[in-house]
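J.: I have a structure here, written as structure tokens, and I will follow up with some questions on it.
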Amino acid sequence: MDKTDEFGKATDADGVYEAAGTDAGEALEALPTLDVFGSRVDAINYPQLFKCIDAWTRRPEARRICLAGIPSIIFSRDDPEYREAHGSSDLVLPDGMPLVWHLRRAGHRSQERMDGPNLVYRLCAYAER
């Protein structure tokens, strides 16, 4: 690993984290979650996320990752179909900074924003390795 991110986590030159540790199932089971107005938001870091995605690609089953911001949390409260889609996702990632701040305040101090463009960039860099 060549450098660290703003939280002191080791990354390579492209900002990609080393994915190590338990298997994807154990990582998901141990994942802390936060209830925000009745919607789940997962506290997860990029190494855990990449480990889960990597494990999922080896199985013939569909998975869903939801990127959640405050608007999607509010939509989930008001629309039963949206709430079901959101609630049945395998992972709900904090896309907006208010959710990140809420997770950090709840004790997940190193939680990062996992917005779509950065997530895709980091996932492609991880897959390229």
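By convention in this document, the chains of the structure tokens carry letters A, B, ... by their order, each chain's residues are numbered from 1, and ligands are numbered from 1 in the order they are shown.
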Just the residues within 9 Å of A:Arg113, please, counting only C-alpha atoms, with nothing from its chain fewer than 3 positions along; format it as number ranges by chain.
T.: A: 93-97, 99-100
J.: The selected residues should be written to file as a compact mmCIF listing (two decimals), in the first residue's frame (atoms: all heavy atoms).
T.:
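Saved the output as part.txt:
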# COMPACT_ATOMS: atom_id res chain seq x y z
N LEU A 93 -26.14 1.82 1.13
CA LEU A 93 -24.94 2.62 1.35
C LEU A 93 -25.28 4.10 1.52
O LEU A 93 -26.18 4.61 0.84
CB LEU A 93 -23.99 2.47 0.16
CG LEU A 93 -23.62 1.04 -0.23
CD1 LEU A 93 -22.70 1.05 -1.44
CD2 LEU A 93 -22.99 0.31 0.93
N PRO A 94 -24.57 4.80 2.40
CA PRO A 94 -24.84 6.22 2.62
C PRO A 94 -24.26 7.07 1.48
O PRO A 94 -23.06 7.24 1.37
CB PRO A 94 -24.14 6.52 3.95
CG PRO A 94 -23.02 5.53 4.00
CD PRO A 94 -23.52 4.31 3.29
N ASP A 95 -25.15 7.59 0.64
CA ASP A 95 -24.73 8.40 -0.51
C ASP A 95 -24.65 9.88 -0.15
O ASP A 95 -23.82 10.60 -0.67
CB ASP A 95 -25.70 8.18 -1.67
CG ASP A 95 -25.29 8.90 -2.93
OD1 ASP A 95 -24.31 9.66 -2.92
OD2 ASP A 95 -25.96 8.71 -3.95
N GLY A 96 -25.48 10.33 0.74
CA GLY A 96 -25.48 11.75 1.11
C GLY A 96 -24.71 12.02 2.39
O GLY A 96 -24.65 11.18 3.30
N MET A 97 -24.13 13.21 2.48
CA MET A 97 -23.36 13.56 3.67
C MET A 97 -24.19 13.60 4.95
O MET A 97 -23.67 13.21 6.01
CB MET A 97 -22.63 14.89 3.46
CG MET A 97 -21.38 14.76 2.59
SD MET A 97 -20.23 13.43 3.06
CE MET A 97 -19.68 14.00 4.68
N LEU A 99 -26.37 11.52 5.92
CA LEU A 99 -26.37 10.15 6.43
C LEU A 99 -24.98 9.76 6.94
O LEU A 99 -24.86 9.06 7.95
CB LEU A 99 -26.83 9.17 5.35
CG LEU A 99 -28.29 9.28 4.96
CD1 LEU A 99 -28.63 8.30 3.84
CD2 LEU A 99 -29.20 9.06 6.15
N VAL A 100 -23.95 10.19 6.26
CA VAL A 100 -22.58 9.93 6.72
C VAL A 100 -22.37 10.58 8.08
O VAL A 100 -21.85 9.96 9.00
CB VAL A 100 -21.55 10.44 5.69
CG1 VAL A 100 -20.13 10.36 6.25
CG2 VAL A 100 -21.66 9.65 4.39
J.: Taking only stretch 40-105 of chain A into account, list the residues labelled helix (DSSP H, G or I) by DSSP (computed from the backbone), as JSON, numbers by chain.
T.: {"A": [46, 47, 48, 49, 50, 51, 52, 53, 54, 55, 56, 70, 71, 72, 73, 74, 75, 76, 77, 78, 80, 81, 82, 83, 84, 85, 86, 87, 97, 98, 99, 100, 101, 102, 103, 104, 105]}
J.: DSSP on the backbone, then: every residue of stretch 44-116 of chain A marked strand (DSSP E), written as a list of chain:residue names.
T.: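 Reading the DSSP output for stretch 44-116 of chain A, strand (DSSP E) covers A:Ile65, A:Cys66, A:Leu67, A:Ala68, A:Leu91, A:Val92, A:Leu93, A:Pro94.
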J.: Taking C-alpha atoms for each residue, export the selection above as an mmCIF file, in the first residue's frame.
T.:
data_model
loop_
_atom_site.group_PDB
_atom_site.id
_atom_site.type_symbol
_atom_site.label_atom_id
_atom_site.label_comp_id
_atom_site.auth_asym_id
_atom_site.auth_seq_id
_atom_site.Cartn_x
_atom_site.Cartn_y
_atom_site.Cartn_z
ATOM 1 C CA ILE A 65 -27.099 -2.379 -3.555
ATOM 2 C CA CYS A 66 -29.037 0.788 -2.790
ATOM 3 C CA LEU A 67 -27.354 4.183 -2.594
ATOM 4 C CA ALA A 68 -29.361 6.156 -0.059
ATOM 5 C CA LEU A 91 -26.720 -3.317 1.174
ATOM 6 C CA VAL A 92 -27.871 0.257 1.729
ATOM 7 C CA LEU A 93 -24.936 2.623 1.349
ATOM 8 C CA PRO A 94 -24.840 6.223 2.618
#
J.: At what distance in Å, to one decimal, does atom CA of A:Pro60 lie from atom CA of A:Ile44?
T.: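 These atoms are spaced 23.7 Å apart.
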J.: Write out as a PDB file with C-alpha atoms, in the first residue's frame the residues lying within 8 Å of stretch 36-38 of chain A, counting only C-alpha atoms and excluding same-chain residues fewer than 3 positions away.
T.:
ATOM      1  CA  VAL A  41     -28.426   2.349   6.315  1.00  0.00           C
ATOM      2  CA  ILE A  73     -35.189   7.821   2.976  1.00  0.00           C
ATOM      3  CA  ILE A  74     -38.193  10.171   2.772  1.00  0.00           C
ATOM      4  CA  ARG A  77     -41.462   6.503   4.324  1.00  0.00           C
TER       5      ARG A  77
END
J.: Find the distance between atom CA of A:Gly69 and atom CA of A:Asp90 and write it in Å to one decimal.
T.: 16.4 Å
